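Data file: input05.txt. Format and content: compact mmCIF, C-alpha atoms.
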```
# COMPACT_ATOMS: atom_id res chain seq x y z
CA MET A 1 117.08 95.33 84.18
CA LYS A 2 114.74 95.52 87.18
CA ARG A 3 115.59 96.08 90.84
CA LEU A 4 113.75 94.49 93.75
CA THR A 5 114.20 95.57 97.35
CA LEU A 6 112.71 93.40 100.06
CA LEU A 7 111.97 94.83 103.50
CA ARG A 8 110.92 92.47 106.23
CA HIS A 9 108.52 94.03 108.75
CA ALA A 10 110.13 95.34 111.92
CA LYS A 11 110.03 93.60 115.31
CA SER A 12 106.46 93.06 116.46
CA ASP A 13 104.87 92.93 119.87
CA TRP A 14 103.83 89.56 121.29
CA LEU A 15 102.58 90.88 124.65
CA ASP A 16 98.84 90.88 123.88
CA ARG A 17 98.10 87.20 123.22
CA SER A 18 94.46 88.04 122.48
CA LEU A 19 95.42 89.71 119.18
CA ARG A 20 95.28 87.78 115.93
CA ASP A 21 98.69 87.37 114.29
CA PHE A 22 97.55 89.76 111.53
CA ASP A 23 96.83 92.50 114.12
CA ARG A 24 100.11 92.48 116.06
CA PRO A 25 101.71 95.97 116.24
CA LEU A 26 105.38 96.86 116.40
CA ASN A 27 107.21 97.00 119.70
CA ALA A 28 109.57 99.85 120.64
CA ARG A 29 112.58 98.07 119.14
CA GLY A 30 110.61 97.53 115.92
CA ILE A 31 109.77 101.21 115.65
CA LYS A 32 113.45 102.08 116.09
CA GLY A 33 114.45 99.47 113.48
CA ALA A 34 111.91 100.67 110.91
CA LYS A 35 113.11 104.25 111.32
CA ALA A 36 116.77 103.19 111.06
CA MET A 37 116.05 101.50 107.75
CA GLY A 38 114.12 104.53 106.51
CA TYR A 39 117.02 106.84 107.35
CA TYR A 40 119.35 104.41 105.58
CA ALA A 41 117.18 104.36 102.44
CA ALA A 42 117.11 108.16 102.41
CA GLU A 43 120.88 108.38 102.91
CA LYS A 44 121.40 105.96 100.01
CA LYS A 45 118.93 107.96 97.90
CA MET A 46 116.84 104.91 97.15
CA VAL A 47 113.89 105.67 94.90
CA PHE A 48 111.06 103.16 94.59
CA ASP A 49 108.79 103.24 91.54
CA ALA A 50 106.26 100.91 93.17
CA VAL A 51 105.64 99.46 96.62
CA VAL A 52 103.71 96.25 97.26
CA ALA A 53 103.01 95.30 100.84
CA SER A 54 101.13 93.01 103.16
CA PRO A 55 98.27 94.78 104.93
CA ALA A 56 99.16 93.19 108.29
CA VAL A 57 99.40 95.77 111.10
CA ARG A 58 103.10 95.14 111.73
CA VAL A 59 103.80 95.85 108.04
CA THR A 60 101.66 98.99 107.86
CA GLU A 61 103.36 100.32 111.00
CA THR A 62 106.80 99.41 109.61
CA ILE A 63 106.01 101.43 106.49
CA ASP A 64 104.67 104.36 108.55
CA HIS A 65 107.88 104.62 110.59
CA PHE A 66 110.09 103.91 107.58
CA GLU A 67 108.35 106.74 105.68
CA THR A 68 108.82 109.17 108.57
CA ALA A 69 112.57 108.63 108.48
CA TYR A 70 112.77 108.27 104.69
CA GLY A 71 111.07 111.63 104.25
CA GLN A 72 108.75 110.54 101.47
CA THR A 73 105.36 108.88 101.23
CA LEU A 74 105.51 105.46 99.59
CA HIS A 75 101.85 104.89 98.50
CA PRO A 76 101.90 101.10 98.87
CA ASP A 77 99.68 98.75 96.94
CA TRP A 78 98.29 96.64 99.82
CA ASP A 79 98.05 93.02 98.72
CA ARG A 80 96.61 90.44 101.12
CA ARG A 81 98.38 87.67 99.16
CA ILE A 82 101.70 88.87 100.63
CA TYR A 83 100.59 88.12 104.21
CA LEU A 84 102.55 84.99 105.24
CA ALA A 85 102.96 84.09 101.55
CA SER A 86 105.24 81.50 100.05
CA SER A 87 107.95 82.47 97.60
CA VAL A 88 105.79 81.15 94.75
CA THR A 89 102.98 83.52 95.71
CA LEU A 90 105.39 86.45 96.10
CA ILE A 91 106.77 85.80 92.60
CA ASP A 92 103.19 85.76 91.31
CA VAL A 93 102.52 89.14 92.97
CA LEU A 94 105.70 90.59 91.46
CA ARG A 95 104.86 89.25 87.99
CA GLY A 96 101.78 91.49 88.12
CA VAL A 97 103.72 94.71 88.79
CA ASP A 98 103.49 97.32 86.04
CA ASP A 99 106.56 97.27 83.78
CA GLY A 100 106.94 101.02 84.22
CA ALA A 101 108.27 100.26 87.71
CA ASN A 102 111.98 99.59 87.49
CA HIS A 103 112.58 99.53 91.26
CA VAL A 104 110.01 97.76 93.41
CA LEU A 105 109.93 97.65 97.20
CA MET A 106 108.13 94.62 98.63
CA VAL A 107 107.35 94.70 102.36
CA GLY A 108 106.26 91.49 104.01
CA HIS A 109 107.06 88.52 106.18
CA ASN A 110 109.33 85.57 106.69
CA PRO A 111 109.75 82.84 105.75
CA GLY A 112 108.40 84.03 102.37
CA LEU A 113 110.82 86.92 101.81
CA GLU A 114 113.83 84.84 102.81
CA ASP A 115 112.68 81.99 100.55
CA LEU A 116 112.19 84.49 97.73
CA VAL A 117 115.87 85.43 97.98
CA PHE A 118 116.81 81.73 97.93
CA ASP A 119 114.66 81.10 94.86
CA LEU A 120 115.72 84.18 92.88
CA VAL A 121 119.45 84.17 93.66
CA PRO A 122 121.40 81.14 92.40
CA ASP A 123 122.96 78.92 95.07
CA ASP A 124 126.24 78.53 93.23
CA GLY A 125 128.66 79.90 95.82
CA SER A 126 129.02 83.23 94.01
CA SER A 127 127.05 85.29 96.53
CA PRO A 128 128.43 85.75 100.04
CA LEU A 129 125.38 87.96 100.68
CA ARG A 130 123.13 84.95 100.10
CA ASP A 131 125.02 83.26 102.93
CA ILE A 132 124.04 86.14 105.23
CA VAL A 133 120.38 85.62 104.36
CA GLU A 134 120.78 81.88 104.93
CA GLU A 135 122.09 82.64 108.42
CA LYS A 136 119.05 84.84 109.15
CA PHE A 137 116.98 87.53 107.47
CA PRO A 138 115.99 89.38 110.62
CA THR A 139 113.13 91.80 111.19
CA ALA A 140 113.52 95.16 109.40
CA ALA A 141 116.28 93.79 107.15
CA LEU A 142 116.64 94.99 103.54
CA ALA A 143 117.77 92.83 100.62
CA ILE A 144 118.37 94.44 97.23
CA MET A 145 118.51 92.41 94.03
CA ASP A 146 119.14 93.27 90.41
CA ILE A 147 117.16 91.09 88.04
CA ALA A 148 118.11 90.60 84.41
CA ILE A 149 114.60 90.93 82.96
CA ASP A 150 112.76 93.56 80.95
CA HIS A 151 109.25 92.70 82.17
CA TRP A 152 108.12 91.69 85.66
CA SER A 153 106.12 88.88 84.04
CA GLU A 154 109.49 87.27 83.17
CA LEU A 155 110.52 86.93 86.82
CA ASP A 156 111.68 83.40 87.51
CA ASN A 157 113.96 81.42 89.78
CA ARG A 158 117.70 82.08 89.61
CA THR A 159 117.34 85.34 87.64
CA ALA A 160 118.59 87.75 90.32
CA LYS A 161 121.87 88.97 91.69
CA LEU A 162 121.85 89.93 95.36
CA ILE A 163 123.72 93.22 95.60
CA GLU A 164 123.08 94.27 99.19
CA VAL A 165 121.81 92.97 102.51
CA THR A 166 121.46 95.46 105.34
CA ARG A 167 120.25 94.50 108.79
CA PRO A 168 119.23 96.94 111.53
CA ARG A 169 122.23 95.80 113.60
CA ASP A 170 124.52 96.91 110.75
CA LEU A 171 123.27 100.46 111.36
CA ASP A 172 122.85 100.38 115.15
CA PRO A 173 124.39 97.66 117.36
CA GLU A 174 121.51 98.09 119.84
CA LEU A 175 119.21 96.65 117.16
CA GLY A 176 121.17 93.39 117.05
CA PRO A 177 120.06 89.97 118.22
CA GLN A 178 118.65 89.76 121.72
CA ASP A 179 117.26 87.00 123.88
CA ASP A 180 113.76 87.54 122.46
CA ASP A 181 114.81 86.78 118.83
```
Could you write out this structure as structure tokens?
Amino acid sequence: MKRLTLLRHAKSDWLDRSLRDFDRPLNARGIKGAKAMGYYAAEKKMVFDAVVASPAVRVTETIDHFETAYGQTLHPDWDRRIYLASSVTLIDVLRGVDDGANHVLMVGHNPGLEDLVFDLVPDDGSSPLRDIVEEKFPTAALAIMDIAIDHWSELDNRTAKLIEVTRPRDLDPELGPQDDD
């Protein structure tokens, strides 16, 4: 059995239109959201054996603030393929993870992360959590899946069970949807 936790980057800043998409930083709400999720992970005593992440600025800053609140350094493996990747590419990245890692944290972007949930978790009506992701997988949200495989190379569609979805607004109502979402 393997466990995969997905963390979507926190809310980014769109004020400086001269920046490339890759270079957009977090805004104040994003910083607060990333920290809220880090505190939550620490409270739940989550332990990640490996971290794979997009090197985009909004992801690196999300991890920085998450780590501050989590109280541990994550040592991500920065993988450019994760930046704005499709679910197929994300599965390919995960298939390359060392089998010694039983719990992997992947930090990246939508729509890829959301689509990854849709591809890995069967759409058979058995997962009300999948319905939450279908509604929206907002910035700084966490999705945790258990996957009935022994080797990451075996990862395939419909092999996961979604066991938790936590959004920043679940932890702090001020981090809920606003007009800028």
Inset, instruction - Would you list the residues near (118.0, 92.9, 91.6) (no more than 12 Å away, in the coordinates of the file, using all atoms listed in the file) as an MDAnalysis selection string? - result: chainID A and resid 1:6 102:105 116:117 120:121 143:150 152 155 158:165
To test the calculation: enclose all listed atoms of range 10-25 of chain A in a box whose edges run along x, y and z, add 3 Å on each side, then state centre and edge lengths in Å to one decimal, as lines of an AutoDock Vina configuration file.
```
center_x = 102.3
center_y = 91.6
center_z = 118.1
size_x = 21.7
size_y = 14.8
size_z = 19.1
```
Legend entry - Counting only C-alpha atoms, the option among A:Gly100, A:Pro111, A:Gly71, A:Gly176 closest to Ser87 in chain A: A:Pro111
Legend entry - Non-local contacts of Ala141 in chain A (12 Å; only C-alpha atoms; under 5 positions in same chain excluded) as a VMD selection string: chain A and resid 5 to 11 30 33 to 38 40 to 41 62 66 106 to 110 113 to 114 132 to 133 136 164 to 171 175 to 176
Inset, instruction - Considering all atoms listed in the file, state which residue in the set A:Leu90, A:Val57, A:Val51, A:Ala101 is at the smallest distance from Asp77 in chain A. - result: A:Val51
Legend entry - Pick from A:Asp156, A:Pro128, A:Trp78, A:Lys45, whichever lies nearest to Ile91 in chain A using all atoms listed in the file: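 For Ile91 in chain A, the nearest of the candidates is A:Asp156.
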Inset, instruction - Using only C-alpha atoms, collect all residues at a distance of at most 7 Å from (104.7, 103.0, 93.5) as written in the file, then present them as a list in words. - result: Phe48, Asp49, Ala50, Val51, Leu74, His75 and Pro76 of chain A
